[in-house]
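Each remark here refers to the structure printed beneath this line.
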Amino acid sequence: MDNYKKVQEILKKQSVGAVLISNGNNMRYVSGFAGATGYVYISEKRHAVITDFRYTIQAEVEAEGYEVITIGNGGYEEAINDVLSTDGVDRLAFEAEEMIFANYHKLKEKLKVKDFVPLGSEITNLRRIKTPHELELIKKAEAIGDEVFTEILTFIKPGMTELELAARIEYLLKLKGAEGLSFSAIVASGINSSMPHAVPSRKKIEIGDFLTMDFGCVYEGYCSDMTRTIVIGKASEKQKEVYNTVLQAQQAALDFIKAGYKGKEVDKVARDIIYGAGYEGCFGHGLGHSVGLHIHENPRLSMLEEGIIEAGMTETIEPGIYIKGFGGVRIEDLVVVTEQGHENFTFSNKNLIEL
Ligand SMILES: [Mn+2]
């Protein structure tokens with residue numbers, strides 16, 4: 001993968017000779033290496049994966065065109081010092097937001113460089129705008145979620161526990177081609193649905209419950225994310241009103257979003273509708289986030305986000321209303337932003353389902 005060239009431009013701007021990339025998703029983005037341990041090292045002269053014996057073969061396969069360096073008894077310090085001295089590097093950068101404190105101290109003490117320079121989010125920011133290939137993988141992951149939602153509707157019965165339902169969702173995601181989960185599935189019923197990130201429990205799903213299901217999977221490294229809320233049995237008037245307010249807020253944000261807005265401007269469109277309907281204080285999280293190799297990426301759609309939404313960025317649109325002692329509703333789609341608007345990757349039904 002030749003994303004190392006983008007990293008070399010960062011090196012020039014920061015006037016450093018090389019960088020040690022330690023964030024797993026950044027290592028994968030830059031080199032293709034998806035192993036859990038090691039560093040991707042980029043200098044003007046070299047792009048290498050430095051890892052241990054367990055990952056040597058994997059790195060050779062995945063990091064096409066990269067030198068693979070397996071550490072010896074001298075550990076990472078010796079292996080890194082070797083490349084630094086061959087490359088003549090005296091200023092070495094690292095990802096300050098990603099490096100483990102203990103590793104930092106060890107490297108700072110042992111590496112033979114004049115300066116050990118902290119970077120901010122420069123490398124992570126390379127991942128903000130997705131390539132067409134990345135978007136295909138995210139779309140595929142989201143399509144698996146859609147399939148699972150359709151199928152799970154035939155499985156849900158009053159009397160089963162949230163845990164049982166969560167297990168089935170996770171099983172189906174993998175059965176339909178996912179290699180992993182973006183996060184453990186959230187299944188929240190009844191008053192539990194008033195907690196945005198409720199952990200599935202032994203509570204049984206009952207007639208009259210709101211049932212929120214928030215899940216996503218990983219396909220070739222890329223995440224998906226979707227949420228649907230349904231009602232078990234007939235919805236009450238209050239449930240319908242809450243549900244339709246969330247749906248209206250989501251639709252307004254979808255109609256509004258396009259390249260050029262700040263994240264907080266998109267958030268405001270949905271928030272104004274929810275607050276205007278009398279639910280101020282019931283929507284305590286941001287409207288959405290970007291999705292890629294990691295489930296929560298920047299820029300966000302939130303009250304604080306000053307970042308500009310650009311074409312090729314993915315965003316979730318997931319407003320919610322959460323009422324203590326009553327329950328909650330969240331509806332979440334995943335879209336890619338375009339110059340004119342967006343393309344929605346989520347196709348599951350959003351009209352209130354009474355099961
Ligand atoms: Mn989400």
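Residue names in the structure tokens use chain letters A, B, ... in the order shown, residue numbers from 1 in each chain, and ligand numbers from 1 in the order shown.
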Practice task
May I have the residues within 6 Å of A:Tyr41 as a list in words, using only C-alpha atoms and disregarding those fewer than 4 positions away in the same chain?
Solution key: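 Answer for this query is Val19, Leu20, His47 and Ala48 of chain A.
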Exercise for the section: Residues within 8 Å of ligand 1 should be enumerated using only C-alpha atoms and all ligand atoms and returned as a PyMOL selection string. Expected result: chain A and resi 214+225-227+288-289+295-296+316-318+332
Let's have the selection written as a PDB file, in the first residue's frame, with C-alpha atoms.
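Writing done, so here's again.pdb:
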ATOM      1  CA  ASP A 214     -27.794  -0.989  17.938  1.00  0.00           C
ATOM      2  CA  ASP A 225     -23.231   0.825  12.546  1.00  0.00           C
ATOM      3  CA  MET A 226     -27.021   0.958  12.626  1.00  0.00           C
ATOM      4  CA  THR A 227     -29.830   1.283  15.160  1.00  0.00           C
ATOM      5  CA  GLY A 288     -23.419  11.159  14.858  1.00  0.00           C
ATOM      6  CA  HIS A 289     -19.845  10.186  14.137  1.00  0.00           C
ATOM      7  CA  ILE A 295     -16.258   2.545  14.841  1.00  0.00           C
ATOM      8  CA  HIS A 296     -16.056   6.125  16.163  1.00  0.00           C
ATOM      9  CA  THR A 316     -23.968   8.199  11.238  1.00  0.00           C
ATOM     10  CA  ILE A 317     -27.208  10.123  11.747  1.00  0.00           C
ATOM     11  CA  GLU A 318     -28.560   8.857  15.065  1.00  0.00           C
ATOM     12  CA  GLU A 332     -29.416   5.374  13.170  1.00  0.00           C
TER      13      GLU A 332
END
Exercise for the section: Identify, with DSSP run on backbone atoms, the residues in stretch 79-300 of chain A assigned to strand (DSSP E), and express the list as a ChimeraX atom specification. Expected result: /A:91-95,115-119,180-181,186-189,210-215,217-219,222-223,226-231,288-290,297-300
Export of the given selection (N, CA, C and O atoms) as a short mmCIF file (atom, residue, chain, number, x, y, z; two decimals), in the first residue's frame:
data_model
loop_
_atom_site.label_atom_id
_atom_site.label_comp_id
_atom_site.auth_asym_id
_atom_site.auth_seq_id
_atom_site.Cartn_x
_atom_site.Cartn_y
_atom_site.Cartn_z
N ARG A 91 15.67 13.22 14.45
CA ARG A 91 14.36 13.66 14.98
C ARG A 91 13.31 12.62 14.61
O ARG A 91 13.00 12.43 13.44
N LEU A 92 12.78 11.95 15.62
CA LEU A 92 11.82 10.86 15.40
C LEU A 92 10.47 11.25 16.00
O LEU A 92 10.39 11.64 17.17
N ALA A 93 9.40 11.15 15.20
CA ALA A 93 8.06 11.50 15.69
C ALA A 93 7.32 10.25 16.16
O ALA A 93 7.64 9.14 15.74
N PHE A 94 6.35 10.48 17.05
CA PHE A 94 5.47 9.38 17.48
C PHE A 94 4.07 9.95 17.67
O PHE A 94 3.87 11.16 17.73
N GLU A 95 3.09 9.06 17.74
CA GLU A 95 1.70 9.49 17.89
C GLU A 95 1.40 9.69 19.38
O GLU A 95 1.15 8.73 20.10
N ASP A 115 15.80 14.25 19.23
CA ASP A 115 14.45 14.66 19.62
C ASP A 115 13.43 13.55 19.37
O ASP A 115 13.46 12.91 18.33
N PHE A 116 12.57 13.37 20.35
CA PHE A 116 11.45 12.43 20.23
C PHE A 116 10.21 13.33 20.21
O PHE A 116 9.83 13.89 21.24
N VAL A 117 9.61 13.47 19.02
CA VAL A 117 8.66 14.56 18.77
C VAL A 117 7.21 14.07 18.76
O VAL A 117 6.86 13.22 17.95
N PRO A 118 6.37 14.61 19.66
CA PRO A 118 4.96 14.17 19.66
C PRO A 118 4.18 14.77 18.49
O PRO A 118 4.25 15.96 18.23
N LEU A 119 3.45 13.90 17.78
CA LEU A 119 2.51 14.37 16.75
C LEU A 119 1.11 14.42 17.37
O LEU A 119 0.84 13.73 18.35
N GLY A 180 -15.99 -9.82 12.28
CA GLY A 180 -16.01 -9.40 13.68
C GLY A 180 -17.13 -8.42 13.91
O GLY A 180 -17.95 -8.15 13.03
N LEU A 181 -17.19 -7.88 15.12
CA LEU A 181 -18.23 -6.92 15.49
C LEU A 181 -17.59 -5.54 15.63
O LEU A 181 -16.46 -5.43 16.11
N ILE A 186 -25.90 -3.76 21.21
CA ILE A 186 -26.72 -3.16 22.27
C ILE A 186 -28.16 -3.61 22.05
O ILE A 186 -28.72 -3.41 20.95
N VAL A 187 -28.75 -4.25 23.03
CA VAL A 187 -30.17 -4.61 22.99
C VAL A 187 -30.77 -4.09 24.29
O VAL A 187 -30.34 -4.49 25.37
N ALA A 188 -31.72 -3.17 24.17
CA ALA A 188 -32.28 -2.54 25.38
C ALA A 188 -33.79 -2.50 25.24
O ALA A 188 -34.32 -1.98 24.27
N SER A 189 -34.48 -3.07 26.24
CA SER A 189 -35.94 -3.15 26.15
C SER A 189 -36.59 -2.41 27.32
O SER A 189 -35.98 -2.28 28.40
N PHE A 210 -40.53 -0.65 24.34
CA PHE A 210 -39.67 -0.21 23.24
C PHE A 210 -38.51 -1.21 23.22
O PHE A 210 -38.06 -1.67 24.28
N LEU A 211 -38.02 -1.54 22.05
CA LEU A 211 -36.86 -2.41 21.94
C LEU A 211 -35.86 -1.76 20.98
O LEU A 211 -36.13 -1.62 19.79
N THR A 212 -34.73 -1.35 21.54
CA THR A 212 -33.68 -0.70 20.73
C THR A 212 -32.56 -1.70 20.46
O THR A 212 -32.06 -2.34 21.39
N MET A 213 -32.21 -1.80 19.19
CA MET A 213 -31.10 -2.69 18.79
C MET A 213 -30.09 -1.87 18.01
O MET A 213 -30.42 -1.28 16.98
N ASP A 214 -28.87 -1.79 18.53
CA ASP A 214 -27.79 -0.99 17.94
C ASP A 214 -26.62 -1.93 17.73
O ASP A 214 -26.10 -2.50 18.68
N PHE A 215 -26.25 -2.12 16.48
CA PHE A 215 -25.18 -3.10 16.21
C PHE A 215 -24.43 -2.77 14.93
O PHE A 215 -24.88 -1.97 14.10
N CYS A 217 -20.91 -4.47 12.30
CA CYS A 217 -19.94 -5.54 12.11
C CYS A 217 -18.74 -5.03 11.32
O CYS A 217 -18.72 -3.90 10.83
N VAL A 218 -17.75 -5.89 11.21
CA VAL A 218 -16.51 -5.53 10.51
C VAL A 218 -16.39 -6.39 9.26
O VAL A 218 -16.54 -7.62 9.32
N TYR A 219 -16.14 -5.73 8.13
CA TYR A 219 -15.94 -6.44 6.87
C TYR A 219 -14.63 -5.95 6.25
O TYR A 219 -14.49 -4.77 5.95
N TYR A 222 -13.33 -2.90 7.91
CA TYR A 222 -14.15 -1.69 8.00
C TYR A 222 -15.47 -1.95 8.73
O TYR A 222 -16.10 -2.99 8.54
N CYS A 223 -15.87 -0.96 9.53
CA CYS A 223 -17.00 -1.11 10.44
C CYS A 223 -18.32 -0.64 9.82
O CYS A 223 -18.34 0.18 8.90
N MET A 226 -25.62 0.61 12.86
CA MET A 226 -27.02 0.96 12.63
C MET A 226 -27.83 0.74 13.90
O MET A 226 -27.45 -0.06 14.76
N THR A 227 -28.93 1.47 14.02
CA THR A 227 -29.83 1.28 15.16
C THR A 227 -31.27 1.34 14.68
O THR A 227 -31.62 2.19 13.86
N ARG A 228 -32.08 0.43 15.20
CA ARG A 228 -33.51 0.51 14.98
C ARG A 228 -34.20 0.28 16.32
O ARG A 228 -33.72 -0.47 17.17
N THR A 229 -35.34 0.97 16.51
CA THR A 229 -36.16 0.78 17.70
C THR A 229 -37.54 0.33 17.24
O THR A 229 -38.10 0.92 16.30
N ILE A 230 -38.06 -0.72 17.86
CA ILE A 230 -39.40 -1.20 17.51
C ILE A 230 -40.24 -1.26 18.80
O ILE A 230 -39.71 -1.05 19.90
N VAL A 231 -41.52 -1.53 18.65
CA VAL A 231 -42.38 -1.71 19.82
C VAL A 231 -42.87 -3.15 19.83
O VAL A 231 -43.24 -3.70 18.78
N GLY A 288 -24.07 12.25 15.59
CA GLY A 288 -23.42 11.16 14.86
C GLY A 288 -21.91 11.24 14.87
O GLY A 288 -21.32 12.13 15.49
N HIS A 289 -21.30 10.30 14.19
CA HIS A 289 -19.84 10.19 14.14
C HIS A 289 -19.46 9.56 12.82
O HIS A 289 -20.30 8.92 12.17
N SER A 290 -18.21 9.72 12.46
CA SER A 290 -17.73 9.06 11.26
C SER A 290 -17.39 7.60 11.59
O SER A 290 -17.21 7.26 12.75
N GLU A 297 -15.10 7.61 14.52
CA GLU A 297 -14.04 8.44 13.96
C GLU A 297 -14.51 9.88 13.86
O GLU A 297 -15.69 10.18 14.02
N ASN A 298 -13.55 10.75 13.56
CA ASN A 298 -13.86 12.17 13.38
C ASN A 298 -13.97 12.49 11.89
O ASN A 298 -13.40 11.80 11.08
N PRO A 299 -14.66 13.57 11.55
CA PRO A 299 -15.34 14.50 12.44
C PRO A 299 -16.68 13.96 12.94
O PRO A 299 -17.31 13.14 12.30
N ARG A 300 -17.08 14.46 14.10
CA ARG A 300 -18.38 14.09 14.69
C ARG A 300 -19.45 15.04 14.18
O ARG A 300 -19.16 16.10 13.65
#
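Compared by their closest atoms to A:Asp90, and using only C-alpha atoms, the residues A:Gly32, A:Gly341, A:Gly17, A:Gly320 rank with A:Gly17 nearest.
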Problem - DSSP alpha helix (DSSP H) selection over stretch 20-85 of chain A, as a PyMOL selection string - result: chain A and resi 24-31+56-62+75-85
Export of prior selection with N, CA and C atoms as a PDB file, in the first residue's frame:
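Listed below is the output, out_20.pdb:
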ATOM      1  N   GLY A  24      -3.112   0.834  15.931  1.00  0.00           N
ATOM      2  CA  GLY A  24      -3.356  -0.329  15.080  1.00  0.00           C
ATOM      3  C   GLY A  24      -4.080   0.020  13.784  1.00  0.00           C
ATOM      4  N   ASN A  25      -5.091   0.879  13.884  1.00  0.00           N
ATOM      5  CA  ASN A  25      -5.826   1.246  12.666  1.00  0.00           C
ATOM      6  C   ASN A  25      -4.968   2.093  11.728  1.00  0.00           C
ATOM      7  N   ASN A  26      -4.133   2.942  12.305  1.00  0.00           N
ATOM      8  CA  ASN A  26      -3.237   3.740  11.452  1.00  0.00           C
ATOM      9  C   ASN A  26      -2.176   2.862  10.796  1.00  0.00           C
ATOM     10  N   MET A  27      -1.693   1.871  11.542  1.00  0.00           N
ATOM     11  CA  MET A  27      -0.717   0.943  10.964  1.00  0.00           C
ATOM     12  C   MET A  27      -1.347   0.227   9.763  1.00  0.00           C
ATOM     13  N   ARG A  28      -2.593  -0.186   9.955  1.00  0.00           N
ATOM     14  CA  ARG A  28      -3.286  -0.905   8.882  1.00  0.00           C
ATOM     15  C   ARG A  28      -3.560   0.021   7.692  1.00  0.00           C
ATOM     16  N   TYR A  29      -3.983   1.244   7.989  1.00  0.00           N
ATOM     17  CA  TYR A  29      -4.305   2.191   6.929  1.00  0.00           C
ATOM     18  C   TYR A  29      -3.079   2.498   6.077  1.00  0.00           C
ATOM     19  N   VAL A  30      -1.956   2.669   6.749  1.00  0.00           N
ATOM     20  CA  VAL A  30      -0.749   3.081   6.034  1.00  0.00           C
ATOM     21  C   VAL A  30      -0.105   1.900   5.305  1.00  0.00           C
ATOM     22  N   SER A  31      -0.056   0.730   5.952  1.00  0.00           N
ATOM     23  CA  SER A  31       0.744  -0.371   5.403  1.00  0.00           C
ATOM     24  C   SER A  31      -0.060  -1.583   4.944  1.00  0.00           C
ATOM     25  N   THR A  56       5.437 -12.084  11.798  1.00  0.00           N
ATOM     26  CA  THR A  56       6.320 -11.867  10.651  1.00  0.00           C
ATOM     27  C   THR A  56       5.653 -12.260   9.331  1.00  0.00           C
ATOM     28  N   ILE A  57       5.109 -13.473   9.286  1.00  0.00           N
ATOM     29  CA  ILE A  57       4.522 -13.958   8.022  1.00  0.00           C
ATOM     30  C   ILE A  57       3.313 -13.109   7.639  1.00  0.00           C
ATOM     31  N   GLN A  58       2.484 -12.809   8.637  1.00  0.00           N
ATOM     32  CA  GLN A  58       1.299 -11.974   8.376  1.00  0.00           C
ATOM     33  C   GLN A  58       1.705 -10.622   7.786  1.00  0.00           C
ATOM     34  N   ALA A  59       2.742 -10.021   8.359  1.00  0.00           N
ATOM     35  CA  ALA A  59       3.193  -8.709   7.874  1.00  0.00           C
ATOM     36  C   ALA A  59       3.709  -8.809   6.446  1.00  0.00           C
ATOM     37  N   GLU A  60       4.436  -9.888   6.149  1.00  0.00           N
ATOM     38  CA  GLU A  60       4.967 -10.055   4.789  1.00  0.00           C
ATOM     39  C   GLU A  60       3.837 -10.166   3.771  1.00  0.00           C
ATOM     40  N   VAL A  61       2.750 -10.822   4.178  1.00  0.00           N
ATOM     41  CA  VAL A  61       1.612 -11.002   3.268  1.00  0.00           C
ATOM     42  C   VAL A  61       0.818  -9.706   3.131  1.00  0.00           C
ATOM     43  N   GLU A  62       0.545  -9.074   4.267  1.00  0.00           N
ATOM     44  CA  GLU A  62      -0.386  -7.932   4.259  1.00  0.00           C
ATOM     45  C   GLU A  62       0.261  -6.613   3.856  1.00  0.00           C
ATOM     46  N   GLY A  75      14.951  -6.579  21.536  1.00  0.00           N
ATOM     47  CA  GLY A  75      13.626  -5.963  21.583  1.00  0.00           C
ATOM     48  C   GLY A  75      13.435  -4.857  20.556  1.00  0.00           C
ATOM     49  N   TYR A  76      12.368  -4.106  20.735  1.00  0.00           N
ATOM     50  CA  TYR A  76      12.047  -3.022  19.807  1.00  0.00           C
ATOM     51  C   TYR A  76      13.126  -1.939  19.791  1.00  0.00           C
ATOM     52  N   GLU A  77      13.703  -1.663  20.966  1.00  0.00           N
ATOM     53  CA  GLU A  77      14.663  -0.562  21.061  1.00  0.00           C
ATOM     54  C   GLU A  77      15.839  -0.806  20.117  1.00  0.00           C
ATOM     55  N   GLU A  78      16.382  -2.030  20.148  1.00  0.00           N
ATOM     56  CA  GLU A  78      17.542  -2.330  19.310  1.00  0.00           C
ATOM     57  C   GLU A  78      17.170  -2.272  17.827  1.00  0.00           C
ATOM     58  N   ALA A  79      16.019  -2.870  17.482  1.00  0.00           N
ATOM     59  CA  ALA A  79      15.596  -2.896  16.076  1.00  0.00           C
ATOM     60  C   ALA A  79      15.367  -1.478  15.551  1.00  0.00           C
ATOM     61  N   ILE A  80      14.758  -0.644  16.371  1.00  0.00           N
ATOM     62  CA  ILE A  80      14.481   0.732  15.931  1.00  0.00           C
ATOM     63  C   ILE A  80      15.778   1.531  15.856  1.00  0.00           C
ATOM     64  N   ASN A  81      16.657   1.354  16.823  1.00  0.00           N
ATOM     65  CA  ASN A  81      17.946   2.063  16.773  1.00  0.00           C
ATOM     66  C   ASN A  81      18.738   1.711  15.518  1.00  0.00           C
ATOM     67  N   ASP A  82      18.655   0.452  15.100  1.00  0.00           N
ATOM     68  CA  ASP A  82      19.357   0.037  13.868  1.00  0.00           C
ATOM     69  C   ASP A  82      18.873   0.838  12.662  1.00  0.00           C
ATOM     70  N   VAL A  83      17.545   0.925  12.486  1.00  0.00           N
ATOM     71  CA  VAL A  83      17.049   1.644  11.305  1.00  0.00           C
ATOM     72  C   VAL A  83      17.307   3.145  11.433  1.00  0.00           C
ATOM     73  N   LEU A  84      17.217   3.668  12.644  1.00  0.00           N
ATOM     74  CA  LEU A  84      17.455   5.102  12.827  1.00  0.00           C
ATOM     75  C   LEU A  84      18.888   5.464  12.441  1.00  0.00           C
ATOM     76  N   SER A  85      19.838   4.617  12.843  1.00  0.00           N
ATOM     77  CA  SER A  85      21.231   4.972  12.540  1.00  0.00           C
ATOM     78  C   SER A  85      21.525   4.771  11.049  1.00  0.00           C
TER      79      SER A  85
END
Exercise for the section: Kindly give the distance, in Å, that separates atom CA of A:His105 and atom CA of A:Phe53, rounded to a single decimal. Expected result: 23.9 Å
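Minimum atom-to-atom distances from A:Val148, A:Met1, A:Ile207, A:Leu304 to A:Ala185 were compared using only C-alpha atoms, and the lowest value belongs to A:Val148.
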Problem - Residue nearest A:Ser194 - candidates A:Lys258, A:Lys268, A:Lys140, A:Lys324, atoms counted: only C-alpha atoms - result: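 When distances to A:Ser194 are compared using only C-alpha atoms, the smallest one comes from A:Lys324.
Atom CA of A:Glu109 is found 23.9 Å from atom CA of A:Ser121.
Between A:Met313 and the residues A:Lys139, A:His342, A:Lys234, A:Arg271, the shortest atom-to-atom distance, using only C-alpha atoms, involves A:His342.
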Practice task
Record the distance separating atom CA of A:Glu162 and atom CA of A:Asn192, expressed in Å with one decimal.
Solution key: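 We find that atom CA of A:Glu162 and atom CA of A:Asn192 lie 10.0 Å from each other.
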Exercise for the section: Extract, using only C-alpha atoms, all DNA, RNA and protein residues at most 12 Å from A:Ala270, discarding same-chain residues fewer than 4 positions from it, and format them as a PyMOL selection string. Expected result: chain A and resi 245-257+263-266+274-277+279-280+283+285-288+301-303+317-321+331
Taking N, CA and C atoms for each residue, export the selection above as an mmCIF file, in the first residue's frame.
data_model
loop_
_atom_site.group_PDB
_atom_site.id
_atom_site.type_symbol
_atom_site.label_atom_id
_atom_site.label_comp_id
_atom_site.auth_asym_id
_atom_site.auth_seq_id
_atom_site.Cartn_x
_atom_site.Cartn_y
_atom_site.Cartn_z
ATOM 1 N N THR A 245 -41.115 11.770 16.501
ATOM 2 C CA THR A 245 -40.269 12.962 16.689
ATOM 3 C C THR A 245 -38.815 12.636 16.329
ATOM 4 N N VAL A 246 -38.346 11.470 16.787
ATOM 5 C CA VAL A 246 -36.970 11.061 16.461
ATOM 6 C C VAL A 246 -36.818 10.855 14.958
ATOM 7 N N LEU A 247 -37.816 10.216 14.371
ATOM 8 C CA LEU A 247 -37.764 9.949 12.926
ATOM 9 C C LEU A 247 -37.741 11.255 12.131
ATOM 10 N N GLN A 248 -38.561 12.193 12.568
ATOM 11 C CA GLN A 248 -38.622 13.495 11.899
ATOM 12 C C GLN A 248 -37.287 14.230 12.031
ATOM 13 N N ALA A 249 -36.684 14.157 13.206
ATOM 14 C CA ALA A 249 -35.381 14.805 13.438
ATOM 15 C C ALA A 249 -34.321 14.161 12.542
ATOM 16 N N GLN A 250 -34.374 12.835 12.442
ATOM 17 C CA GLN A 250 -33.378 12.155 11.609
ATOM 18 C C GLN A 250 -33.553 12.530 10.145
ATOM 19 N N GLN A 251 -34.808 12.549 9.693
ATOM 20 C CA GLN A 251 -35.072 12.867 8.285
ATOM 21 C C GLN A 251 -34.623 14.285 7.959
ATOM 22 N N ALA A 252 -34.851 15.211 8.889
ATOM 23 C CA ALA A 252 -34.447 16.604 8.656
ATOM 24 C C ALA A 252 -32.924 16.702 8.524
ATOM 25 N N ALA A 253 -32.192 15.963 9.360
ATOM 26 C CA ALA A 253 -30.726 15.987 9.283
ATOM 27 C C ALA A 253 -30.243 15.347 7.982
ATOM 28 N N LEU A 254 -30.899 14.269 7.572
ATOM 29 C CA LEU A 254 -30.538 13.613 6.306
ATOM 30 C C LEU A 254 -30.787 14.558 5.127
ATOM 31 N N ASP A 255 -31.913 15.263 5.168
ATOM 32 C CA ASP A 255 -32.233 16.201 4.086
ATOM 33 C C ASP A 255 -31.236 17.359 4.046
ATOM 34 N N PHE A 256 -30.690 17.704 5.207
ATOM 35 C CA PHE A 256 -29.825 18.883 5.330
ATOM 36 C C PHE A 256 -28.368 18.585 4.971
ATOM 37 N N ILE A 257 -27.871 17.426 5.389
ATOM 38 C CA ILE A 257 -26.419 17.181 5.347
ATOM 39 C C ILE A 257 -25.877 17.226 3.915
ATOM 40 N N GLY A 263 -19.815 20.223 11.517
ATOM 41 C CA GLY A 263 -20.505 19.132 12.210
ATOM 42 C C GLY A 263 -21.612 19.645 13.123
ATOM 43 N N LYS A 264 -21.366 20.763 13.790
ATOM 44 C CA LYS A 264 -22.363 21.268 14.748
ATOM 45 C C LYS A 264 -23.603 21.839 14.050
ATOM 46 N N GLU A 265 -23.447 22.257 12.799
ATOM 47 C CA GLU A 265 -24.609 22.773 12.066
ATOM 48 C C GLU A 265 -25.584 21.653 11.724
ATOM 49 N N VAL A 266 -25.032 20.482 11.406
ATOM 50 C CA VAL A 266 -25.900 19.335 11.095
ATOM 51 C C VAL A 266 -26.586 18.845 12.379
ATOM 52 N N ILE A 274 -36.054 18.064 18.136
ATOM 53 C CA ILE A 274 -36.300 17.307 19.368
ATOM 54 C C ILE A 274 -36.585 18.255 20.540
ATOM 55 N N TYR A 275 -35.799 19.307 20.662
ATOM 56 C CA TYR A 275 -36.015 20.273 21.750
ATOM 57 C C TYR A 275 -37.344 20.999 21.537
ATOM 58 N N GLY A 276 -37.630 21.323 20.273
ATOM 59 C CA GLY A 276 -38.855 22.057 19.948
ATOM 60 C C GLY A 276 -40.114 21.263 20.277
ATOM 61 N N ALA A 277 -39.983 19.931 20.251
ATOM 62 C CA ALA A 277 -41.135 19.079 20.561
ATOM 63 C C ALA A 277 -41.273 18.865 22.080
ATOM 64 N N TYR A 279 -38.604 17.988 24.214
ATOM 65 C CA TYR A 279 -37.715 16.954 24.763
ATOM 66 C C TYR A 279 -36.307 17.477 25.031
ATOM 67 N N GLU A 280 -36.209 18.738 25.411
ATOM 68 C CA GLU A 280 -34.903 19.269 25.800
ATOM 69 C C GLU A 280 -34.434 18.465 27.018
ATOM 70 N N PHE A 283 -31.967 14.334 24.897
ATOM 71 C CA PHE A 283 -31.084 13.946 23.774
ATOM 72 C C PHE A 283 -29.672 14.396 24.151
ATOM 73 N N HIS A 285 -26.631 13.161 23.690
ATOM 74 C CA HIS A 285 -25.404 12.787 22.964
ATOM 75 C C HIS A 285 -25.400 13.458 21.602
ATOM 76 N N GLY A 286 -24.276 13.341 20.906
ATOM 77 C CA GLY A 286 -24.152 13.960 19.595
ATOM 78 C C GLY A 286 -25.017 13.254 18.565
ATOM 79 N N LEU A 287 -25.222 13.923 17.437
ATOM 80 C CA LEU A 287 -26.075 13.355 16.386
ATOM 81 C C LEU A 287 -25.392 12.199 15.664
ATOM 82 N N GLY A 288 -24.073 12.250 15.586
ATOM 83 C CA GLY A 288 -23.419 11.159 14.858
ATOM 84 C C GLY A 288 -21.909 11.244 14.872
ATOM 85 N N LEU A 301 -20.678 14.656 14.411
ATOM 86 C CA LEU A 301 -21.791 15.599 14.306
ATOM 87 C C LEU A 301 -22.225 15.825 15.745
ATOM 88 N N SER A 302 -21.824 16.948 16.306
ATOM 89 C CA SER A 302 -22.151 17.210 17.711
ATOM 90 C C SER A 302 -22.228 18.713 17.935
ATOM 91 N N MET A 303 -22.695 19.098 19.102
ATOM 92 C CA MET A 303 -22.845 20.523 19.412
ATOM 93 C C MET A 303 -21.505 21.248 19.397
ATOM 94 N N ILE A 317 -26.187 9.137 11.356
ATOM 95 C CA ILE A 317 -27.208 10.123 11.747
ATOM 96 C C ILE A 317 -28.093 9.378 12.737
ATOM 97 N N GLU A 318 -27.916 9.669 14.040
ATOM 98 C CA GLU A 318 -28.560 8.857 15.065
ATOM 99 C C GLU A 318 -29.129 9.677 16.225
ATOM 100 N N PRO A 319 -30.172 10.450 15.933
ATOM 101 C CA PRO A 319 -30.815 11.171 17.029
ATOM 102 C C PRO A 319 -31.555 10.202 17.948
ATOM 103 N N GLY A 320 -31.836 10.652 19.161
ATOM 104 C CA GLY A 320 -32.590 9.816 20.099
ATOM 105 C C GLY A 320 -33.328 10.665 21.112
ATOM 106 N N ILE A 321 -34.315 10.055 21.710
ATOM 107 C CA ILE A 321 -35.007 10.654 22.863
ATOM 108 C C ILE A 321 -35.032 9.587 23.947
ATOM 109 N N ILE A 331 -32.765 6.060 16.250
ATOM 110 C CA ILE A 331 -32.791 5.562 14.875
ATOM 111 C C ILE A 331 -31.487 6.010 14.240
#
Handout entry: Residue with smallest distance to A:Leu163 - pool A:Lys262, A:Arg330, A:Lys203, A:Lys5, counting only C-alpha atoms
Key =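 For A:Leu163, the nearest of the candidates is A:Lys203.
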Handout entry: Shell around A:Thr154 at 12 Å using only C-alpha atoms, local window under 4 positions removed, as a list in words
Key =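 My reading of the contact set: Glu147, Val148, Phe149, Thr150, Pro158, Leu165, Arg168, Ile169 and Leu355 of chain A.
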